[in-house]
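The structure appears below as C-alpha cells.
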Amino acid sequence: EGAATAIDDVVMDEFHFYSEPERGVAWQVPLLTMPRARFLLMSATLGETSFFEEAITTLTETPTSLVQSDERPVPLEFEYSTTPLEERVEELVEANRAPIYLVHFTQLACARTAQNLMSRNFCSREAKDQIAEVLEAAAFRSPYGKEVKKLLRHGLGIHHAGLLPKYRVLVEKLAQRGLLKVICGTDTLGVGVNVPIRTVLFTQLFKYGGQSTKILAVRDFKQICGRAGRRGFDDIGYVVAQAPEHVIDNIKADAKAAAKGKKSKAMKKRPPEKGFVNWDENTFQKLMASPSEKLVSSFNIRHGMLLNVLSRTEIDGCEELRRIISKSHETAVKKKELRRRAFALFRGLVEGEVLRILPKESRVGPAKVALNV
C-alpha cells in the first residue's frame with residue numbers, strides 16, 4: 001500500500017540487519033515508502049547514524065532524535081586465553097562462570113569441539129539425573145539423534161541451524177533450567193533465542209562470509225559479545241577469546257621444555273595453509289575498542305516486491321517501482337542495475353503468463369504494465 005499504509009508507528013528492532021545481503025531490503029523498504037509513519041530504529045551496533053537521521057527526516061518531514069548510550073546493564077570483562085580450549089572451559093566452570101557458550105563459525109567445528117569435551121566432566125550427578133528425566137520424553141530417531149542424546153546426557157549442549165528444531169528447542173529448554181554448563185554452537189544463537197549465558201568464548205576470530213574468509217566485523221563481534229551476562233541474574237558477563245590453536249600448542253611446548261630447564265627443540269607448529277586468517281591479542285583488543293562499521297545498503301528487487309507494487313490500483317505501480325528504486329540508498333550504478341533487473345523480472349513474469357499485458361482500452365485506473373528502463 002506504500003504511502004497509503006494505515007500504520008502510525010514502525011519499530012525496527014535489530015536494525016543492523018539493514019546491511020545483510022539476503023534480507024536487508026526488508027529494513028530499507030519502509031524508509032522509502034511510508035512517509036506518514038513515525039520510526040524507531042533500534043540496535044546495539046548501529047554505527048554512524050547521521051545518514052538515517054537525514055533519511056527519516058526527509059521522508060517524514062519531522063525532526064529525528066538520536067538516543068545513544070554505551071553503558072551496558074551488565075558490564076563485560078574481556079580475556080585473551082592461551083590455555084588449551086578444554087582446560088580453559090574447565091577452569092571457567094570451576095570459577096562459576098557458566099553457562100558458557102562456545103562460539104564456532106561452522107557446524108563441523110561445533111560438533112568436533114563438543115565431542116572433544118566429552119572427556120571432561122562439567123555436570124554433577126544430580127544435574128545428569130534431571131537431564132535424563134527430561135530426555136525420557138524426547139525422541140532421538142534421526143541419524144544424528146544418538147550423538148545429540150549422548151552429548152546432552154553428559155551435560156553438553158550443541159546448538160546450530162543444522163540440527164532438527166526439536167533438538168535445538170531441547171537444548172534451550174535444558175539451558176533455561178540451568179542444567180547445561182557448556183553449550184557448543186554457532187554465531188547464529190544471538191537471533192531470537194532465549195538461552196542464559198554468563199560467558200561467551202570465541203574459538204576463533206575469523207569467519208567465512210560467503211565470498212572470502214576474514215577477521216570478524218566489529219559489528220558481528222559485539223553482537224555475539226552482547227549475549228554474555230544476563231540482566232537480572234548476573235552482575236558481570238565474561239568474554240573470552242582463544243588464541244590460535246597452533247600458537248597455544250607452541251606455548252605449551254615451550255613451557256614444558258622450560259620446566260625441565262631446557263630450550264624446546266620441537267618444530268614450531270604452523271597455521272593451516274587454507275581457510276585460515278591469523279589473529280592475536282592485538283586483533284582482539286582492536287575488535288573491543290573499535291566502533292561498529294557504517295551500515296551499507298543491500299537493497300534488491302525480487303519477484304514479490306515487483307508483484308506487490310504492480311498490483312496497486314490507486315496509483316501507477318510502474319511509476320512507483322521506478323520511484324522506489326530511485327529513492328533507494330544505493331549508488332547510481334547500482335540503481336541502473338536494479339532497473340535492468342526489475343525489467344528482466346517483469347519480462348519473465350509476462351513470458352511465464354504470471355502477468356498479462358492488457359489492451360489500452362481495457363485498463364482500469366492508473367495502473368500500467370510496462371517499465372521504462
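Ordered as shown in the C-alpha cells, chains take letters A, B, and onward, while each chain numbers its residues from 1 and ligands are numbered from 1 in the order shown.
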Within 12 Å of stretch 48-54 of chain A, which residues of stretch 296-331 of chain A show up? Give each one with its shortest atom-to-atom distance in Å (one decimal) and the two atoms involved, counting only C-alpha atoms, rows by chain then rising residue number, as JSON lines.
```
{"residue": "A:Val296", "atom": "CA", "partner": "A:Glu48", "partner_atom": "CA", "distance": 10.5}
{"residue": "A:Ser297", "atom": "CA", "partner": "A:Phe52", "partner_atom": "CA", "distance": 11.1}
{"residue": "A:His329", "atom": "CA", "partner": "A:Phe51", "partner_atom": "CA", "distance": 9.7}
```
May I have the residues from that selection written out with N, CA and C atoms, as a PDB file, in the first residue's frame?
```pdb
ATOM      1  N   VAL A 296      25.780  -0.492   5.380  1.00  0.00           N
ATOM      2  CA  VAL A 296      25.802  -0.338   3.923  1.00  0.00           C
ATOM      3  C   VAL A 296      24.514  -0.912   3.349  1.00  0.00           C
ATOM      4  N   SER A 297      23.913  -0.196   2.419  1.00  0.00           N
ATOM      5  CA  SER A 297      22.654  -0.621   1.817  1.00  0.00           C
ATOM      6  C   SER A 297      22.792  -1.959   1.106  1.00  0.00           C
ATOM      7  N   HIS A 329      18.775   3.534  -1.179  1.00  0.00           N
ATOM      8  CA  HIS A 329      20.035   4.048  -0.639  1.00  0.00           C
ATOM      9  C   HIS A 329      21.252   3.495  -1.377  1.00  0.00           C
TER      10      HIS A 329
END
```
Once you count only C-alpha atoms, what closest atom pair and distance in Å to one decimal does each residue of stretch 219-329 of chain A within 7 Å of stretch 333-356 of chain A have, with rows by chain and rising residue number, as CSV?
```
residue,atom,partner,partner_atom,distance
A:Asn300,CA,A:Leu338,CA,6.9
A:Ile301,CA,A:Ala342,CA,6.3
A:His303,CA,A:Leu345,CA,6.6
A:Ile325,CA,A:Lys335,CA,6.2
A:Ser326,CA,A:Lys335,CA,6.6
```
Within stretch 185-343 of chain A, find each residue whose DSSP state, derived from the backbone, is helix (DSSP H, G or I), and express the selection as an NGL selection string.
:A and (187-190 or 218-225 or 245-259 or 281-289 or 303-310 or 317-327 or 332-343)
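Going from atom CA of A:Val11 to atom CA of A:Pro35 covers 14.2 Å.
Using only C-alpha atoms, the smallest distance between any of A:Arg219, A:His246, A:Lys262, A:Arg97 and A:Lys294 comes from A:Arg219.
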Mind checking which residues fall within 10 Å of A:Glu14, counting only C-alpha atoms, ignoring those fewer than 6 positions away in the same chain, and posting them as number ranges by chain?
A: 27, 41-46, 191, 223
For the residues selected in the previous step, produce a file with N, CA and C atoms as a CSV table (one decimal), in the first residue's frame.
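Output (out.csv):
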```csv
chain,number,residue,atom,x,y,z
A,27,TRP,N,14.5,-4.1,5.8
A,27,TRP,CA,14.6,-3.0,6.8
A,27,TRP,C,14.7,-1.6,6.0
A,41,LEU,N,14.3,3.2,15.1
A,41,LEU,CA,15.3,2.2,14.7
A,41,LEU,C,16.1,1.8,15.9
A,42,MET,N,16.3,0.5,16.1
A,42,MET,CA,16.9,0.0,17.3
A,42,MET,C,18.0,-1.0,17.0
A,43,SER,N,19.2,-0.8,17.6
A,43,SER,CA,20.3,-1.8,17.6
A,43,SER,C,21.3,-1.4,18.5
A,44,ALA,N,22.1,-2.4,19.0
A,44,ALA,CA,23.2,-2.1,19.9
A,44,ALA,C,24.5,-1.8,19.1
A,45,THR,N,24.4,-2.0,17.7
A,45,THR,CA,25.6,-1.8,16.9
A,45,THR,C,25.2,-1.0,15.6
A,46,LEU,N,24.6,0.1,15.8
A,46,LEU,CA,24.1,0.9,14.6
A,46,LEU,C,25.3,1.5,13.9
A,191,VAL,N,20.2,-14.7,17.5
A,191,VAL,CA,19.0,-14.3,16.8
A,191,VAL,C,17.8,-15.0,17.4
A,223,GLN,N,27.9,-8.0,18.6
A,223,GLN,CA,26.6,-8.6,18.7
A,223,GLN,C,26.7,-10.0,19.5
```
Which one is closest to A:Ile357: A:Leu310, A:Phe276, A:Cys123, A:His104? Count only C-alpha atoms.
A:Leu310
Rank A:Leu287, A:Ala241, A:Leu179, A:Val200 by their smallest atom-to-atom distance to A:Val218, using only C-alpha atoms, and report the top residue only.
A:Leu287
Env of stretch 110-112 of chain A: 9 Å cut, atoms = only C-alpha atoms, seq-sep filter 6 positions within chain, self excluded. Answer as a ChimeraX atom specification.
/A:102-104,158-160,184-186
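Reported to one decimal place, the separation of atom CA of A:Asp234 from atom CA of A:Pro73 is 9.7 Å.
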Determine, counting only C-alpha atoms, which protein, DNA and RNA residues have an atom within 8 Å of an atom of A:Pro75; residues of the same chain fewer than 5 positions away are not included. Present the result as a list of chain:residue names.
A:Gly229, A:Asp235, A:Ile236, A:Gly237
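Distance annotation: of A:Leu163, A:Ile100, A:Leu201, A:Leu66, the residue with the minimal separation from A:Cys225 is A:Leu201; atom set is only C-alpha atoms.
Residues in contact range of A:Gln242, defined as at most 9 Å between only C-alpha atoms, with sequence neighbours fewer than 5 positions away removed, read A:Glu79, A:Tyr80, A:Ser81, A:Thr82, A:Thr83, A:Pro84, A:Leu85, A:Arg88, A:Leu201, A:Phe202, A:Thr203, A:Gln204, A:Leu205, A:Ile248.
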Convert the current residue selection to file output with all heavy atoms, as a short mmCIF file (atom, residue, chain, number, x, y, z; two decimals), in the first residue's frame.
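Output file result38.cif follows:
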```
data_model
loop_
_atom_site.label_atom_id
_atom_site.label_comp_id
_atom_site.auth_asym_id
_atom_site.auth_seq_id
_atom_site.Cartn_x
_atom_site.Cartn_y
_atom_site.Cartn_z
N GLU A 79 38.93 -11.29 28.17
CA GLU A 79 40.16 -12.04 28.43
C GLU A 79 40.62 -12.72 27.15
O GLU A 79 39.81 -13.26 26.38
CB GLU A 79 39.91 -13.11 29.50
CG GLU A 79 41.10 -14.02 29.75
CD GLU A 79 40.70 -15.31 30.45
OE1 GLU A 79 39.63 -15.33 31.08
OE2 GLU A 79 41.47 -16.28 30.36
N TYR A 80 41.93 -12.66 26.91
CA TYR A 80 42.54 -13.39 25.79
C TYR A 80 43.24 -14.61 26.36
O TYR A 80 44.09 -14.49 27.25
CB TYR A 80 43.54 -12.50 25.06
CG TYR A 80 44.07 -13.07 23.77
CD1 TYR A 80 43.26 -13.14 22.64
CD2 TYR A 80 45.37 -13.54 23.69
CE1 TYR A 80 43.74 -13.66 21.45
CE2 TYR A 80 45.86 -14.06 22.50
CZ TYR A 80 45.04 -14.12 21.38
OH TYR A 80 45.53 -14.65 20.21
N SER A 81 42.88 -15.80 25.90
CA SER A 81 43.34 -17.04 26.52
C SER A 81 44.35 -17.77 25.66
O SER A 81 44.13 -17.98 24.45
CB SER A 81 42.16 -17.97 26.80
OG SER A 81 42.59 -19.24 27.21
N THR A 82 45.46 -18.18 26.28
CA THR A 82 46.44 -19.03 25.61
C THR A 82 46.49 -20.40 26.27
O THR A 82 47.46 -21.14 26.13
CB THR A 82 47.84 -18.38 25.66
OG1 THR A 82 48.19 -18.09 27.02
CG2 THR A 82 47.87 -17.10 24.84
N THR A 83 45.44 -20.73 26.99
CA THR A 83 45.29 -22.06 27.61
C THR A 83 44.53 -22.96 26.64
O THR A 83 43.58 -22.49 25.99
CB THR A 83 44.50 -21.95 28.93
OG1 THR A 83 45.16 -21.03 29.79
CG2 THR A 83 44.37 -23.29 29.61
N PRO A 84 44.89 -24.23 26.48
CA PRO A 84 44.13 -25.13 25.61
C PRO A 84 42.63 -25.07 25.91
O PRO A 84 42.22 -24.94 27.07
CB PRO A 84 44.72 -26.51 25.93
CG PRO A 84 46.13 -26.21 26.32
CD PRO A 84 46.07 -24.90 27.07
N LEU A 85 41.84 -25.17 24.88
CA LEU A 85 40.40 -24.93 24.98
C LEU A 85 39.73 -25.76 26.06
O LEU A 85 38.99 -25.23 26.90
CB LEU A 85 39.74 -25.20 23.62
CG LEU A 85 38.22 -25.01 23.57
CD1 LEU A 85 37.84 -23.57 23.90
CD2 LEU A 85 37.69 -25.39 22.19
N ARG A 88 40.64 -24.53 29.44
CA ARG A 88 40.07 -23.21 29.76
C ARG A 88 38.59 -23.31 30.10
O ARG A 88 38.10 -22.64 31.02
CB ARG A 88 40.26 -22.25 28.57
CG ARG A 88 39.91 -20.82 28.93
CD ARG A 88 40.91 -20.25 29.93
NE ARG A 88 40.44 -19.03 30.58
CZ ARG A 88 40.08 -18.96 31.85
NH1 ARG A 88 40.12 -20.02 32.62
NH2 ARG A 88 39.69 -17.82 32.37
N LEU A 201 32.65 -17.59 24.76
CA LEU A 201 34.03 -17.92 24.43
C LEU A 201 34.17 -18.08 22.91
O LEU A 201 33.52 -18.94 22.30
CB LEU A 201 34.45 -19.21 25.14
CG LEU A 201 35.93 -19.60 25.05
CD1 LEU A 201 36.34 -20.43 26.26
CD2 LEU A 201 36.24 -20.39 23.77
N PHE A 202 34.98 -17.23 22.29
CA PHE A 202 35.25 -17.31 20.86
C PHE A 202 36.34 -18.35 20.61
O PHE A 202 37.46 -18.20 21.10
CB PHE A 202 35.73 -15.96 20.32
CG PHE A 202 34.67 -14.90 20.24
CD1 PHE A 202 34.36 -14.12 21.34
CD2 PHE A 202 33.97 -14.68 19.05
CE1 PHE A 202 33.40 -13.14 21.27
CE2 PHE A 202 33.00 -13.70 18.97
CZ PHE A 202 32.71 -12.92 20.08
N THR A 203 36.04 -19.37 19.84
CA THR A 203 37.06 -20.36 19.50
C THR A 203 38.00 -19.84 18.42
O THR A 203 39.10 -20.35 18.24
CB THR A 203 36.42 -21.66 19.02
OG1 THR A 203 35.56 -21.38 17.89
CG2 THR A 203 35.58 -22.29 20.13
N GLN A 204 37.57 -18.81 17.68
CA GLN A 204 38.41 -18.14 16.69
C GLN A 204 37.82 -16.77 16.42
O GLN A 204 36.70 -16.46 16.83
CB GLN A 204 38.50 -18.95 15.39
CG GLN A 204 37.15 -19.09 14.66
CD GLN A 204 37.24 -20.01 13.47
OE1 GLN A 204 37.77 -21.12 13.54
NE2 GLN A 204 36.74 -19.55 12.32
N LEU A 205 38.59 -15.92 15.74
CA LEU A 205 38.16 -14.55 15.48
C LEU A 205 38.05 -14.24 13.99
O LEU A 205 38.18 -13.09 13.57
CB LEU A 205 39.11 -13.55 16.16
CG LEU A 205 39.11 -13.57 17.69
CD1 LEU A 205 40.14 -12.58 18.23
CD2 LEU A 205 37.72 -13.25 18.25
N ILE A 248 48.85 -21.80 20.77
CA ILE A 248 48.71 -22.42 22.10
C ILE A 248 49.60 -23.65 22.22
O ILE A 248 50.26 -23.86 23.24
CB ILE A 248 47.23 -22.77 22.36
CG1 ILE A 248 46.38 -21.50 22.44
CG2 ILE A 248 47.09 -23.59 23.64
CD1 ILE A 248 44.90 -21.74 22.59
#
```
How many Å lie between atom CA of A:Glu136 and atom CA of A:Arg153, rounded to one decimal?
10.8 Å
Using backbone DSSP assignments, extract all strand (DSSP E or B) residues from stretch 152-186 of chain A; output them as a list in words.
Leu156, Gly157, Ile158, His159, Val182, Ile183, Cys184, Gly185 and Thr186 of chain A
Can you spit out the residues from that selection as a PDB file, in the first residue's frame, using all heavy atoms?
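again27.pdb, written as the output of this step:
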```pdb
ATOM      1  N   LEU A 156      26.401 -31.629  28.030  1.00  0.00           N
ATOM      2  CA  LEU A 156      26.909 -30.741  26.986  1.00  0.00           C
ATOM      3  C   LEU A 156      25.797 -30.421  25.996  1.00  0.00           C
ATOM      4  O   LEU A 156      25.109 -31.329  25.512  1.00  0.00           O
ATOM      5  CB  LEU A 156      28.067 -31.400  26.228  1.00  0.00           C
ATOM      6  CG  LEU A 156      29.413 -31.510  26.955  1.00  0.00           C
ATOM      7  CD1 LEU A 156      30.346 -32.418  26.169  1.00  0.00           C
ATOM      8  CD2 LEU A 156      30.033 -30.130  27.110  1.00  0.00           C
ATOM      9  N   GLY A 157      25.634 -29.138  25.688  1.00  0.00           N
ATOM     10  CA  GLY A 157      24.646 -28.746  24.701  1.00  0.00           C
ATOM     11  C   GLY A 157      25.308 -28.500  23.358  1.00  0.00           C
ATOM     12  O   GLY A 157      26.491 -28.166  23.282  1.00  0.00           O
ATOM     13  N   ILE A 158      24.553 -28.678  22.277  1.00  0.00           N
ATOM     14  CA  ILE A 158      25.015 -28.337  20.931  1.00  0.00           C
ATOM     15  C   ILE A 158      23.866 -27.630  20.236  1.00  0.00           C
ATOM     16  O   ILE A 158      22.705 -28.048  20.352  1.00  0.00           O
ATOM     17  CB  ILE A 158      25.478 -29.594  20.163  1.00  0.00           C
ATOM     18  CG1 ILE A 158      26.090 -29.190  18.816  1.00  0.00           C
ATOM     19  CG2 ILE A 158      24.376 -30.613  20.009  1.00  0.00           C
ATOM     20  CD1 ILE A 158      26.843 -30.321  18.134  1.00  0.00           C
ATOM     21  N   HIS A 159      24.170 -26.532  19.541  1.00  0.00           N
ATOM     22  CA  HIS A 159      23.099 -25.688  19.005  1.00  0.00           C
ATOM     23  C   HIS A 159      23.555 -25.018  17.712  1.00  0.00           C
ATOM     24  O   HIS A 159      24.438 -24.176  17.727  1.00  0.00           O
ATOM     25  CB  HIS A 159      22.722 -24.624  20.045  1.00  0.00           C
ATOM     26  CG  HIS A 159      21.414 -23.935  19.780  1.00  0.00           C
ATOM     27  ND1 HIS A 159      21.236 -23.043  18.752  1.00  0.00           N
ATOM     28  CD2 HIS A 159      20.227 -24.015  20.427  1.00  0.00           C
ATOM     29  CE1 HIS A 159      19.998 -22.601  18.771  1.00  0.00           C
ATOM     30  NE2 HIS A 159      19.356 -23.173  19.788  1.00  0.00           N
ATOM     31  N   VAL A 182      27.801 -26.001  29.616  1.00  0.00           N
ATOM     32  CA  VAL A 182      28.563 -25.700  28.406  1.00  0.00           C
ATOM     33  C   VAL A 182      27.711 -25.991  27.181  1.00  0.00           C
ATOM     34  O   VAL A 182      27.110 -27.073  27.077  1.00  0.00           O
ATOM     35  CB  VAL A 182      29.860 -26.540  28.349  1.00  0.00           C
ATOM     36  CG1 VAL A 182      30.654 -26.200  27.090  1.00  0.00           C
ATOM     37  CG2 VAL A 182      30.705 -26.308  29.596  1.00  0.00           C
ATOM     38  N   ILE A 183      27.658 -25.036  26.265  1.00  0.00           N
ATOM     39  CA  ILE A 183      26.919 -25.205  25.016  1.00  0.00           C
ATOM     40  C   ILE A 183      27.846 -24.861  23.857  1.00  0.00           C
ATOM     41  O   ILE A 183      28.428 -23.776  23.827  1.00  0.00           O
ATOM     42  CB  ILE A 183      25.665 -24.314  24.960  1.00  0.00           C
ATOM     43  CG1 ILE A 183      24.752 -24.595  26.145  1.00  0.00           C
ATOM     44  CG2 ILE A 183      24.913 -24.520  23.647  1.00  0.00           C
ATOM     45  CD1 ILE A 183      23.596 -23.630  26.279  1.00  0.00           C
ATOM     46  N   CYS A 184      27.997 -25.784  22.923  1.00  0.00           N
ATOM     47  CA  CYS A 184      28.777 -25.541  21.710  1.00  0.00           C
ATOM     48  C   CYS A 184      27.803 -25.148  20.600  1.00  0.00           C
ATOM     49  O   CYS A 184      26.840 -25.872  20.336  1.00  0.00           O
ATOM     50  CB  CYS A 184      29.538 -26.796  21.292  1.00  0.00           C
ATOM     51  SG  CYS A 184      30.745 -27.350  22.506  1.00  0.00           S
ATOM     52  N   GLY A 185      28.052 -24.013  19.996  1.00  0.00           N
ATOM     53  CA  GLY A 185      27.130 -23.579  18.955  1.00  0.00           C
ATOM     54  C   GLY A 185      27.797 -22.666  17.958  1.00  0.00           C
ATOM     55  O   GLY A 185      29.005 -22.440  17.987  1.00  0.00           O
ATOM     56  N   THR A 186      26.991 -22.140  17.062  1.00  0.00           N
ATOM     57  CA  THR A 186      27.476 -21.209  16.051  1.00  0.00           C
ATOM     58  C   THR A 186      27.051 -19.797  16.417  1.00  0.00           C
ATOM     59  O   THR A 186      26.306 -19.577  17.372  1.00  0.00           O
ATOM     60  CB  THR A 186      26.918 -21.581  14.666  1.00  0.00           C
ATOM     61  OG1 THR A 186      25.485 -21.636  14.735  1.00  0.00           O
ATOM     62  CG2 THR A 186      27.436 -22.938  14.218  1.00  0.00           C
TER      63      THR A 186
END
```
